[in-house]
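Here's model_30.cif, which has mmCIF, C-alpha atoms:
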data_work
#
loop_
_atom_site.group_PDB
_atom_site.id
_atom_site.type_symbol
_atom_site.label_atom_id
_atom_site.label_comp_id
_atom_site.auth_asym_id
_atom_site.auth_seq_id
_atom_site.Cartn_x
_atom_site.Cartn_y
_atom_site.Cartn_z
ATOM 1 C CA MET W 1 13.952 18.137 -12.514
ATOM 2 C CA THR W 2 10.811 17.883 -14.595
ATOM 3 C CA LEU W 3 9.729 15.441 -17.243
ATOM 4 C CA PRO W 4 9.281 16.815 -20.762
ATOM 5 C CA GLY W 5 5.550 16.951 -21.445
ATOM 6 C CA PHE W 6 4.618 16.460 -17.783
ATOM 7 C CA PRO W 7 5.241 19.760 -15.973
ATOM 8 C CA ASP W 8 3.432 18.603 -12.815
ATOM 9 C CA ALA W 9 5.351 15.327 -12.399
ATOM 10 C CA ALA W 10 7.993 14.935 -9.692
ATOM 11 C CA PRO W 11 10.066 12.018 -10.985
ATOM 12 C CA LEU W 12 13.037 12.396 -8.614
ATOM 13 C CA ALA W 13 10.894 12.707 -5.488
ATOM 14 C CA GLY W 14 8.859 9.756 -6.747
ATOM 15 C CA LEU W 15 11.967 7.663 -7.304
ATOM 16 C CA ALA W 16 13.416 8.608 -3.897
ATOM 17 C CA GLY W 17 10.143 7.738 -2.179
ATOM 18 C CA GLY W 18 9.951 4.482 -4.102
ATOM 19 C CA VAL W 19 13.495 3.488 -3.120
ATOM 20 C CA LEU W 20 12.622 4.138 0.543
ATOM 21 C CA ILE W 21 9.472 2.016 0.214
ATOM 22 C CA GLY W 22 11.599 -0.713 -1.380
ATOM 23 C CA LEU W 23 14.186 -0.503 1.420
ATOM 24 C CA ALA W 24 11.436 -0.715 4.057
ATOM 25 C CA SER W 25 9.957 -3.761 2.326
ATOM 26 C CA ALA W 26 13.431 -5.312 2.035
ATOM 27 C CA LEU W 27 13.961 -4.749 5.771
ATOM 28 C CA MET W 28 10.711 -6.577 6.536
ATOM 29 C CA LEU W 29 11.633 -9.423 4.196
ATOM 30 C CA LEU W 30 15.289 -9.939 5.080
ATOM 31 C CA GLY W 31 15.002 -8.811 8.701
ATOM 32 C CA ALA W 32 11.735 -10.340 9.843
ATOM 33 C CA GLY W 33 10.995 -12.791 7.030
ATOM 34 C CA ARG W 34 7.662 -11.206 6.183
ATOM 35 C CA ILE W 35 5.879 -9.354 3.385
ATOM 36 C CA ALA W 36 5.362 -5.621 3.959
ATOM 37 C CA GLY W 37 1.745 -5.697 2.799
ATOM 38 C CA VAL W 38 -0.082 -2.854 4.517
ATOM 39 C CA SER W 39 -3.664 -4.131 4.145
ATOM 40 C CA GLY W 40 -2.751 -7.552 5.557
ATOM 41 C CA ILE W 41 -0.656 -6.115 8.388
ATOM 42 C CA ALA W 42 -3.400 -3.617 9.285
ATOM 43 C CA ALA W 43 -6.019 -6.371 9.335
ATOM 44 C CA ARG W 44 -3.721 -8.397 11.579
ATOM 45 C CA ALA W 45 -3.139 -5.430 13.921
ATOM 46 C CA PHE W 46 -6.856 -4.831 14.370
ATOM 47 C CA GLY W 47 -7.681 -8.517 14.828
ATOM 48 C CA LEU W 48 -9.415 -8.748 11.439
ATOM 49 C CA ALA W 49 -7.171 -11.465 10.035
ATOM 50 C CA ASP W 50 -5.535 -14.622 11.273
ATOM 51 C CA GLY W 51 -1.857 -15.141 10.721
ATOM 52 C CA SER W 52 1.465 -16.002 12.231
ATOM 53 C CA GLN W 53 2.562 -12.398 12.734
ATOM 54 C CA PRO W 54 2.319 -11.334 16.387
ATOM 55 C CA ARG W 55 -0.167 -8.496 16.686
ATOM 56 C CA ILE W 56 2.369 -6.293 18.466
ATOM 57 C CA GLY W 57 4.584 -6.400 15.387
ATOM 58 C CA ALA W 58 1.649 -5.538 13.132
ATOM 59 C CA TRP W 59 0.885 -2.584 15.398
ATOM 60 C CA ALA W 60 4.525 -1.477 15.325
ATOM 61 C CA PHE W 61 4.496 -1.405 11.523
ATOM 62 C CA VAL W 62 1.143 0.411 11.309
ATOM 63 C CA LEU W 63 2.222 3.048 13.852
ATOM 64 C CA GLY W 64 5.457 3.546 11.939
ATOM 65 C CA LEU W 65 3.565 4.739 8.845
ATOM 66 C CA PRO W 66 2.290 8.067 10.281
ATOM 67 C CA LEU W 67 5.539 8.402 12.250
ATOM 68 C CA GLY W 68 7.497 8.325 8.993
ATOM 69 C CA ALA W 69 5.085 10.779 7.395
ATOM 70 C CA LEU W 70 5.451 13.084 10.412
ATOM 71 C CA ILE W 71 9.241 13.020 10.173
ATOM 72 C CA VAL W 72 9.084 14.040 6.505
ATOM 73 C CA THR W 73 6.445 16.759 6.880
ATOM 74 C CA SER W 74 8.250 18.263 9.881
ATOM 75 C CA GLN W 75 11.297 18.801 7.644
ATOM 76 C CA THR W 76 9.445 20.384 4.747
ATOM 77 C CA SER W 77 7.091 23.331 4.375
ATOM 78 C CA ALA W 78 4.853 21.979 1.621
ATOM 79 C CA ALA W 79 1.190 22.967 1.729
ATOM 80 C CA ALA W 80 -1.175 20.337 3.123
ATOM 81 C CA PRO W 81 -2.713 18.273 0.308
ATOM 82 C CA ALA W 82 -6.462 18.269 -0.363
ATOM 83 C CA PHE W 83 -8.528 15.253 0.671
ATOM 84 C CA ALA W 84 -12.002 14.097 -0.327
ATOM 85 C CA GLY W 85 -15.013 14.957 1.828
ATOM 86 C CA PRO W 86 -16.224 12.626 4.605
ATOM 87 C CA VAL W 87 -18.937 10.828 2.603
ATOM 88 C CA THR W 88 -16.545 10.120 -0.257
ATOM 89 C CA LEU W 89 -13.877 8.945 2.195
ATOM 90 C CA VAL W 90 -16.325 6.536 3.846
ATOM 91 C CA VAL W 91 -17.458 5.068 0.523
ATOM 92 C CA ALA W 92 -13.884 4.757 -0.772
ATOM 93 C CA GLY W 93 -12.602 3.362 2.539
ATOM 94 C CA LEU W 94 -15.308 0.692 2.684
ATOM 95 C CA ILE W 95 -14.591 -0.425 -0.885
ATOM 96 C CA VAL W 96 -10.821 -0.444 -0.274
ATOM 97 C CA GLY W 97 -11.276 -2.474 2.935
ATOM 98 C CA ILE W 98 -13.529 -5.066 1.308
ATOM 99 C CA GLY W 99 -11.467 -5.223 -1.878
ATOM 100 C CA THR W 100 -8.078 -5.642 -0.233
ATOM 101 C CA ARG W 101 -9.293 -8.467 2.022
ATOM 102 C CA LEU W 102 -10.991 -10.334 -0.829
ATOM 103 C CA GLY W 103 -8.033 -9.646 -3.117
ATOM 104 C CA SER W 104 -5.458 -10.570 -0.435
ATOM 105 C CA GLY W 105 -3.455 -7.377 -0.798
ATOM 106 C CA CYS W 106 -3.041 -3.842 -2.039
ATOM 107 C CA THR W 107 -0.475 -1.589 -3.693
ATOM 108 C CA SER W 108 2.241 -2.644 -1.244
ATOM 109 C CA GLY W 109 1.784 -6.407 -0.871
ATOM 110 C CA HIS W 110 0.832 -7.131 -4.483
ATOM 111 C CA GLY W 111 2.326 -4.031 -6.082
ATOM 112 C CA VAL W 112 5.760 -3.838 -4.472
ATOM 113 C CA CYS W 113 6.432 -7.217 -2.854
ATOM 114 C CA GLY W 114 4.508 -9.525 -5.201
ATOM 115 C CA MET W 115 5.348 -7.945 -8.540
ATOM 116 C CA SER W 116 9.056 -7.825 -7.702
ATOM 117 C CA ARG W 117 9.108 -11.623 -7.223
ATOM 118 C CA LEU W 118 6.929 -12.071 -10.339
ATOM 119 C CA SER W 119 4.104 -13.681 -8.381
ATOM 120 C CA GLN W 120 1.390 -14.665 -10.840
ATOM 121 C CA ARG W 121 -1.369 -13.719 -8.390
ATOM 122 C CA SER W 122 0.173 -10.310 -7.729
ATOM 123 C CA LEU W 123 0.709 -9.513 -11.407
ATOM 124 C CA VAL W 124 -2.961 -10.267 -12.084
ATOM 125 C CA ALA W 125 -4.066 -8.314 -8.996
ATOM 126 C CA VAL W 126 -2.023 -5.239 -9.968
ATOM 127 C CA ALA W 127 -3.229 -5.313 -13.585
ATOM 128 C CA THR W 128 -6.794 -5.549 -12.272
ATOM 129 C CA PHE W 129 -6.694 -2.761 -9.690
ATOM 130 C CA MET W 130 -4.778 -0.467 -12.034
ATOM 131 C CA ALA W 131 -7.383 -1.039 -14.736
ATOM 132 C CA THR W 132 -10.336 -0.338 -12.446
ATOM 133 C CA GLY W 133 -8.479 2.624 -10.910
ATOM 134 C CA PHE W 134 -7.921 4.154 -14.361
ATOM 135 C CA ALA W 135 -11.535 3.439 -15.302
ATOM 136 C CA THR W 136 -12.909 4.921 -12.070
ATOM 137 C CA VAL W 137 -11.079 8.224 -12.489
ATOM 138 C CA ALA W 138 -11.928 8.365 -16.198
ATOM 139 C CA VAL W 139 -15.642 7.821 -15.524
ATOM 140 C CA MET W 140 -15.710 10.304 -12.643
ATOM 141 C CA ASN W 141 -13.953 12.941 -14.756
ATOM 142 C CA ALA W 142 -16.287 12.294 -17.696
ATOM 143 C CA LEU W 143 -19.261 12.815 -15.386
ATOM 144 C CA GLY W 144 -17.667 15.915 -13.916
ATOM 145 C CA ILE W 145 -17.459 14.439 -10.411
ATOM 146 C CA GLY W 146 -14.629 16.159 -8.543
ATOM 147 C CA VAL W 147 -13.880 14.888 -5.041
ATOM 148 C CA LEU W 148 -10.852 16.841 -3.822
ATOM 149 C CA SER W 149 -11.460 20.218 -2.285
ATOM 150 C CA MET K 1 11.807 -8.401 20.511
ATOM 151 C CA ILE K 2 13.915 -7.093 17.618
ATOM 152 C CA ARG K 3 12.165 -9.293 15.046
ATOM 153 C CA GLU K 4 8.696 -8.782 16.418
ATOM 154 C CA THR K 5 8.644 -5.066 17.142
ATOM 155 C CA LEU K 6 11.750 -3.089 16.242
ATOM 156 C CA VAL K 7 12.084 -4.380 12.687
ATOM 157 C CA PRO K 8 8.402 -3.728 11.838
ATOM 158 C CA LEU K 9 8.520 -0.308 13.534
ATOM 159 C CA ALA K 10 11.620 0.713 11.569
ATOM 160 C CA ALA K 11 10.177 -0.712 8.345
ATOM 161 C CA GLY K 12 6.827 1.039 8.874
ATOM 162 C CA THR K 13 8.552 4.347 9.591
ATOM 163 C CA ILE K 14 10.770 4.186 6.499
ATOM 164 C CA PHE K 15 7.745 3.047 4.482
ATOM 165 C CA GLY K 16 5.661 5.999 5.697
ATOM 166 C CA ALA K 17 8.489 8.425 4.911
ATOM 167 C CA GLY K 18 8.794 6.959 1.418
ATOM 168 C CA LEU K 19 5.056 7.233 0.785
ATOM 169 C CA THR K 20 5.122 10.892 1.814
ATOM 170 C CA ILE K 21 8.234 11.844 -0.178
ATOM 171 C CA GLY K 22 6.920 9.984 -3.231
ATOM 172 C CA GLY K 23 3.621 11.859 -3.187
ATOM 173 C CA MET K 24 1.359 8.928 -2.352
ATOM 174 C CA THR K 25 -0.151 10.735 0.635
ATOM 175 C CA ASP K 26 -1.402 13.434 -1.754
ATOM 176 C CA PRO K 27 -4.716 12.215 -3.220
ATOM 177 C CA ALA K 28 -4.453 14.678 -6.120
ATOM 178 C CA ARG K 29 -1.084 13.153 -7.066
ATOM 179 C CA VAL K 30 -2.523 9.625 -6.917
ATOM 180 C CA ARG K 31 -5.639 10.504 -8.875
ATOM 181 C CA GLY K 32 -3.426 12.342 -11.363
ATOM 182 C CA PHE K 33 -1.580 9.082 -11.953
ATOM 183 C CA LEU K 34 -4.869 7.224 -12.369
ATOM 184 C CA ASP K 35 -6.069 9.890 -14.835
ATOM 185 C CA LEU K 36 -4.403 7.996 -17.687
ATOM 186 C CA PHE K 37 -6.826 9.259 -20.330
ATOM 187 C CA GLY K 38 -6.745 12.876 -19.139
ATOM 188 C CA ASN K 39 -4.033 15.004 -17.546
ATOM 189 C CA TRP K 40 -1.767 12.053 -16.655
ATOM 190 C CA ASP K 41 0.867 12.506 -13.924
ATOM 191 C CA PRO K 42 3.496 9.717 -14.217
ATOM 192 C CA THR K 43 5.102 10.384 -10.797
ATOM 193 C CA LEU K 44 3.706 7.242 -9.188
ATOM 194 C CA ALA K 45 5.247 5.093 -11.890
ATOM 195 C CA PHE K 46 8.612 6.277 -10.547
ATOM 196 C CA VAL K 47 7.553 5.431 -6.988
ATOM 197 C CA MET K 48 6.489 1.946 -8.024
ATOM 198 C CA GLY K 49 9.549 1.492 -10.248
ATOM 199 C CA GLY K 50 11.992 2.470 -7.498
ATOM 200 C CA ALA K 51 10.310 0.249 -4.941
ATOM 201 C CA VAL K 52 10.063 -2.785 -7.239
ATOM 202 C CA LEU K 53 13.699 -2.422 -8.314
ATOM 203 C CA VAL K 54 14.970 -2.450 -4.717
ATOM 204 C CA MET K 55 12.675 -5.337 -3.805
ATOM 205 C CA ALA K 56 13.750 -7.370 -6.846
ATOM 206 C CA LEU K 57 17.305 -7.163 -5.460
ATOM 207 C CA ALA K 58 16.036 -8.093 -1.991
ATOM 208 C CA TRP K 59 14.365 -11.236 -3.385
ATOM 209 C CA THR K 60 17.626 -12.389 -4.980
ATOM 210 C CA VAL K 61 19.313 -11.993 -1.590
ATOM 211 C CA GLN K 62 16.397 -13.742 0.151
ATOM 212 C CA ARG K 63 16.752 -16.815 -2.078
ATOM 213 C CA LYS K 64 20.275 -17.313 -0.747
ATOM 214 C CA MET K 65 19.242 -17.031 2.904
ATOM 215 C CA LEU K 66 18.130 -19.911 5.088
ATOM 216 C CA ARG K 67 16.412 -17.641 7.590
ATOM 217 C CA PRO K 68 15.840 -13.909 8.080
ATOM 218 C CA VAL K 69 18.465 -11.919 9.977
ATOM 219 C CA PHE K 70 16.234 -11.754 13.069
ATOM 220 C CA GLY K 71 14.168 -14.902 13.510
ATOM 221 C CA GLU K 72 13.864 -18.544 12.622
ATOM 222 C CA GLY K 73 12.142 -18.653 9.259
ATOM 223 C CA PHE K 74 10.394 -16.901 6.426
ATOM 224 C CA SER K 75 6.576 -16.597 6.441
ATOM 225 C CA LEU K 76 5.800 -15.836 2.812
ATOM 226 C CA PRO K 77 2.751 -16.283 0.565
ATOM 227 C CA ASP K 78 3.139 -19.322 -1.681
ATOM 228 C CA ARG K 79 -0.162 -19.460 -3.559
ATOM 229 C CA SER K 80 -0.248 -19.233 -7.333
ATOM 230 C CA ASP K 81 -3.930 -19.923 -8.082
ATOM 231 C CA LEU K 82 -5.935 -17.236 -9.857
ATOM 232 C CA THR K 83 -9.408 -17.064 -8.323
ATOM 233 C CA PRO K 84 -12.516 -14.949 -8.951
ATOM 234 C CA ARG K 85 -12.065 -13.728 -5.380
ATOM 235 C CA LEU K 86 -8.571 -12.387 -6.116
ATOM 236 C CA ILE K 87 -9.674 -10.660 -9.299
ATOM 237 C CA GLY K 88 -13.000 -9.378 -7.941
ATOM 238 C CA GLY K 89 -11.379 -8.096 -4.765
ATOM 239 C CA SER K 90 -8.601 -6.367 -6.674
ATOM 240 C CA ALA K 91 -11.159 -4.820 -9.050
ATOM 241 C CA LEU K 92 -13.073 -3.421 -6.064
ATOM 242 C CA PHE K 93 -9.883 -2.132 -4.466
ATOM 243 C CA GLY K 94 -8.972 -0.231 -7.630
ATOM 244 C CA ILE K 95 -12.385 1.455 -7.666
ATOM 245 C CA GLY K 96 -12.017 2.593 -4.055
ATOM 246 C CA TRP K 97 -8.450 3.730 -4.738
ATOM 247 C CA GLY K 98 -9.628 5.796 -7.696
ATOM 248 C CA ILE K 99 -12.556 7.410 -5.871
ATOM 249 C CA ALA K 100 -10.579 9.084 -3.074
ATOM 250 C CA GLY K 101 -6.972 8.663 -4.242
ATOM 251 C CA LEU K 102 -6.011 6.709 -1.140
ATOM 252 C CA CYS K 103 -4.839 3.131 -0.601
ATOM 253 C CA PRO K 104 -4.150 1.516 2.799
ATOM 254 C CA GLY K 105 -0.525 2.616 3.390
ATOM 255 C CA PRO K 106 -1.062 6.299 2.562
ATOM 256 C CA GLY K 107 -4.326 6.176 4.535
ATOM 257 C CA PHE K 108 -2.393 5.375 7.712
ATOM 258 C CA ALA K 109 0.527 7.676 6.853
ATOM 259 C CA ALA K 110 -1.891 10.566 6.237
ATOM 260 C CA LEU K 111 -3.015 10.328 9.875
ATOM 261 C CA ALA K 112 0.003 12.585 10.486
ATOM 262 C CA ILE K 113 -0.921 14.957 7.630
ATOM 263 C CA ALA K 114 -4.723 15.318 7.645
ATOM 264 C CA PRO K 115 -5.788 13.470 10.803
ATOM 265 C CA VAL K 116 -9.561 13.827 10.483
ATOM 266 C CA SER K 117 -9.802 12.897 6.795
ATOM 267 C CA ALA K 118 -7.351 10.026 7.184
ATOM 268 C CA ALA K 119 -9.121 8.713 10.298
ATOM 269 C CA ILE K 120 -12.463 8.648 8.454
ATOM 270 C CA PHE K 121 -10.898 6.733 5.560
ATOM 271 C CA VAL K 122 -9.042 4.295 7.836
ATOM 272 C CA ALA K 123 -12.115 3.656 10.011
ATOM 273 C CA ALA K 124 -14.248 2.928 6.933
ATOM 274 C CA MET K 125 -11.520 0.682 5.520
ATOM 275 C CA LEU K 126 -11.333 -1.305 8.759
ATOM 276 C CA GLY K 127 -15.144 -1.495 8.649
ATOM 277 C CA GLY K 128 -14.919 -2.998 5.177
ATOM 278 C CA MET K 129 -12.348 -5.515 6.390
ATOM 279 C CA LEU K 130 -14.604 -6.398 9.327
ATOM 280 C CA LEU K 131 -17.507 -6.910 6.921
ATOM 281 C CA VAL K 132 -15.481 -9.470 4.952
ATOM 282 C CA ARG K 133 -14.484 -11.152 8.209
ATOM 283 C CA ILE K 134 -18.129 -11.409 9.327
ATOM 284 C CA MET K 135 -19.335 -12.676 5.938
ATOM 285 C CA GLU K 136 -16.716 -15.396 6.163
ATOM 286 C CA GLY K 137 -18.169 -16.513 9.460
ATOM 287 C CA HIS K 138 -15.435 -15.399 11.830
ATOM 288 C CA GLY K 139 -17.747 -12.970 13.661
#
What is this structure when it is put down as structure tokens?
Amino acid sequence: MTLPGFPDAAPLAGLAGGVLIGLASALMLLGAGRIAGVSGIAARAFGLADGSQPRIGAWAFVLGLPLGALIVTSQTSAAAPAFAGPVTLVVAGLIVGIGTRLGSGCTSGHGVCGMSRLSQRSLVAVATFMATGFATVAVMNALGIGVLS
Amino acid sequence: MIRETLVPLAAGTIFGAGLTIGGMTDPARVRGFLDLFGNWDPTLAFVMGGAVLVMALAWTVQRKMLRPVFGEGFSLPDRSDLTPRLIGGSALFGIGWGIAGLCPGPGFAALAIAPVSAAIFVAAMLGGMLLVRIMEGHG
């Protein structure tokens, strides 16, 4: 299925992926009583944040992420996506690391878990990172800076 | 054991599968979504919509529960204050997200898709987190 006007969009795959992400977050919430916020859990796993979550649990969640990706890619024959070059990845990674710690969350914690409970902090965080994300891509495109090879 | 390791492992695995199916481990797909003023790709709105819908249901269930299925209590954020730190940090995060088309979850998930690229991104991200930790005096 395609969206009229958006031939490249994959709405059904997007929705299916989103439902899975929601189910995973629901499992964390109702099963373990915690927020499935990846930046916070990763910081906890690597000893970069204090918290009540045992580090072994944080590690289990973080290791699950590539495991889940591996299960999906082993069942499909899609071409490998393009990624940015090493310098761009370092710059972007640094900014994402600093930003998510200062901002107390990312697309998962604020975006999925926080927005769905109408947390004021998360709604503001999401509006902010969406706005700067849109602006960043717009500026880079205007300057003709392409990063994916 | 179940609460501390098996639940997070299962949740992380389902999460990583969802990210991959939804296209979030494809930087071009993510940057296409962020290209609102150009050749916009709305796919990620469906990812976010599906996830938020399921979680909204989960929160209504959570409000009726005294404790999680495995474990004694809920450990949930309860702050509501809007601070310059929250807004500044989120603004920075969005810039980094836009530059490479990767956020933390897909960064880890992509370790199984493009190991070298993903490892560089994840290492730099952890470096950024460490920097914040050091600046806050936790060495």
Check what the PyMOL selection byres ((chain W and resi 9) around 9) selects in the file above and give those residues as a compact mmCIF listing (two decimals) with C-alpha atoms, keeping the file's coordinate frame.
# COMPACT_ATOMS: atom_id res chain seq x y z
CA THR W 2 10.81 17.88 -14.60
CA LEU W 3 9.73 15.44 -17.24
CA PHE W 6 4.62 16.46 -17.78
CA PRO W 7 5.24 19.76 -15.97
CA ASP W 8 3.43 18.60 -12.82
CA ALA W 10 7.99 14.94 -9.69
CA PRO W 11 10.07 12.02 -10.98
CA GLY W 14 8.86 9.76 -6.75
CA ARG K 29 -1.08 13.15 -7.07
CA TRP K 40 -1.77 12.05 -16.66
CA ASP K 41 0.87 12.51 -13.92
CA PRO K 42 3.50 9.72 -14.22
CA THR K 43 5.10 10.38 -10.80
CA LEU K 44 3.71 7.24 -9.19
Compile the contact shell of W:Phe46 as JSON, numbers by chain: residues with an atom at most 10 Å away, counting all atoms listed in the file, same-chain residues fewer than 6 positions apart removed. {"W": [55, 58, 59], "K": [126, 129, 130]}
Please identify all polymer residues within 10 Å of K:Phe74, counting only C-alpha atoms, omitting same-chain residues fewer than 6 positions from it, and present them as an NGL selection string. (:W and (29-35)) or (:K and (62 or 65-68))
Emit the selected residues as a compact mmCIF listing (two decimals), in the frame of the given file, including C-alpha atoms.
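Saved as out_22.txt:
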# COMPACT_ATOMS: atom_id res chain seq x y z
CA LEU W 29 11.63 -9.42 4.20
CA LEU W 30 15.29 -9.94 5.08
CA GLY W 31 15.00 -8.81 8.70
CA ALA W 32 11.74 -10.34 9.84
CA GLY W 33 11.00 -12.79 7.03
CA ARG W 34 7.66 -11.21 6.18
CA ILE W 35 5.88 -9.35 3.38
CA GLN K 62 16.40 -13.74 0.15
CA MET K 65 19.24 -17.03 2.90
CA LEU K 66 18.13 -19.91 5.09
CA ARG K 67 16.41 -17.64 7.59
CA PRO K 68 15.84 -13.91 8.08
Could you check how far atom CA of K:Gly96 sits from atom CA of K:Ile21, in Å to one decimal? 22.6 Å
Please write the residues picked by the PyMOL selection byres ((chain W and resi 66-79) around 7) on this file as a short mmCIF file (atom, residue, chain, number, x, y, z; two decimals) with C-alpha atoms, in the coordinates of the input.
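Dumped everything to selection_18.cif:
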data_model
loop_
_atom_site.label_atom_id
_atom_site.label_comp_id
_atom_site.auth_asym_id
_atom_site.auth_seq_id
_atom_site.Cartn_x
_atom_site.Cartn_y
_atom_site.Cartn_z
CA LEU W 63 2.22 3.05 13.85
CA GLY W 64 5.46 3.55 11.94
CA LEU W 65 3.56 4.74 8.85
CA ALA W 80 -1.18 20.34 3.12
CA PRO W 81 -2.71 18.27 0.31
CA THR K 13 8.55 4.35 9.59
CA ILE K 14 10.77 4.19 6.50
CA PHE K 15 7.74 3.05 4.48
CA GLY K 16 5.66 6.00 5.70
CA ALA K 17 8.49 8.43 4.91
CA THR K 20 5.12 10.89 1.81
CA PHE K 108 -2.39 5.38 7.71
CA ALA K 109 0.53 7.68 6.85
CA ALA K 110 -1.89 10.57 6.24
CA LEU K 111 -3.02 10.33 9.88
CA ALA K 112 0.00 12.58 10.49
#
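Atom CA of W:Gly51 is found 21.1 Å from atom CA of K:Leu82.
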If we count only C-alpha atoms and set the cut-off at 12 Å, which residues sit around W:Ala49, ignoring sequence neighbours fewer than 5 positions away in its own chain? Please answer as a ChimeraX atom specification. /W:39-44,54-55,58,100-102,104 /K:126,129-134,136,138-139
When the PyMOL selection byres ((chain K and resi 50) around 7) is applied to the file above, which residues end up in the set, as a list of chain:residue names? W:Leu15, W:Gly18, W:Val19, W:Gly22, K:Phe46, K:Val47, K:Met48, K:Gly49, K:Ala51, K:Val52, K:Leu53, K:Val54
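Of note, atom CA of W:Gly47 and atom CA of K:Ile120 are spaced 18.9 Å apart.
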Please write out, as lines of an AutoDock Vina configuration file, where the centre of an axis-aligned box around all listed atoms of stretch 37-54 of chain K lies and how long its edges are, in Å to one decimal, after adding 4 Å on each side.
center_x = 4.1
center_y = 6.1
center_z = -12.5
size_x = 29.8
size_y = 25.8
size_z = 23.6
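With distances taken over only C-alpha atoms, K:Val69 is the one residue among K:Val69, K:Pro77, K:Ala45, K:Met135 lying closest to chain W.
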List as a list in words the protein and nucleic acid residues near W:Ile56, meaning an atom at most 10 Å away when all atoms listed in the file are counted, but skip any in the same chain fewer than 3 places from it. Arg44, Ala45, Gln53, Trp59, Ala60, Phe61 and Val62 of chain W; Met1, Glu4, Thr5, Pro8 and Leu9 of chain K
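Across K:Gly137, K:Pro84, K:Ala56, K:Met24, the tightest approach to chain W is made by K:Ala56 when counting all atoms listed in the file.
Considering only C-alpha atoms, the residue among W:Gly37, W:Gly17, W:Gly133, W:Gly5 positioned nearest to W:Gly109 is W:Gly37.
For the set W:Ala36, W:Leu148, W:Leu23, W:Ala92, the residue with the smallest atom-to-atom gap to K:Leu102 is W:Ala92, counting only C-alpha atoms.
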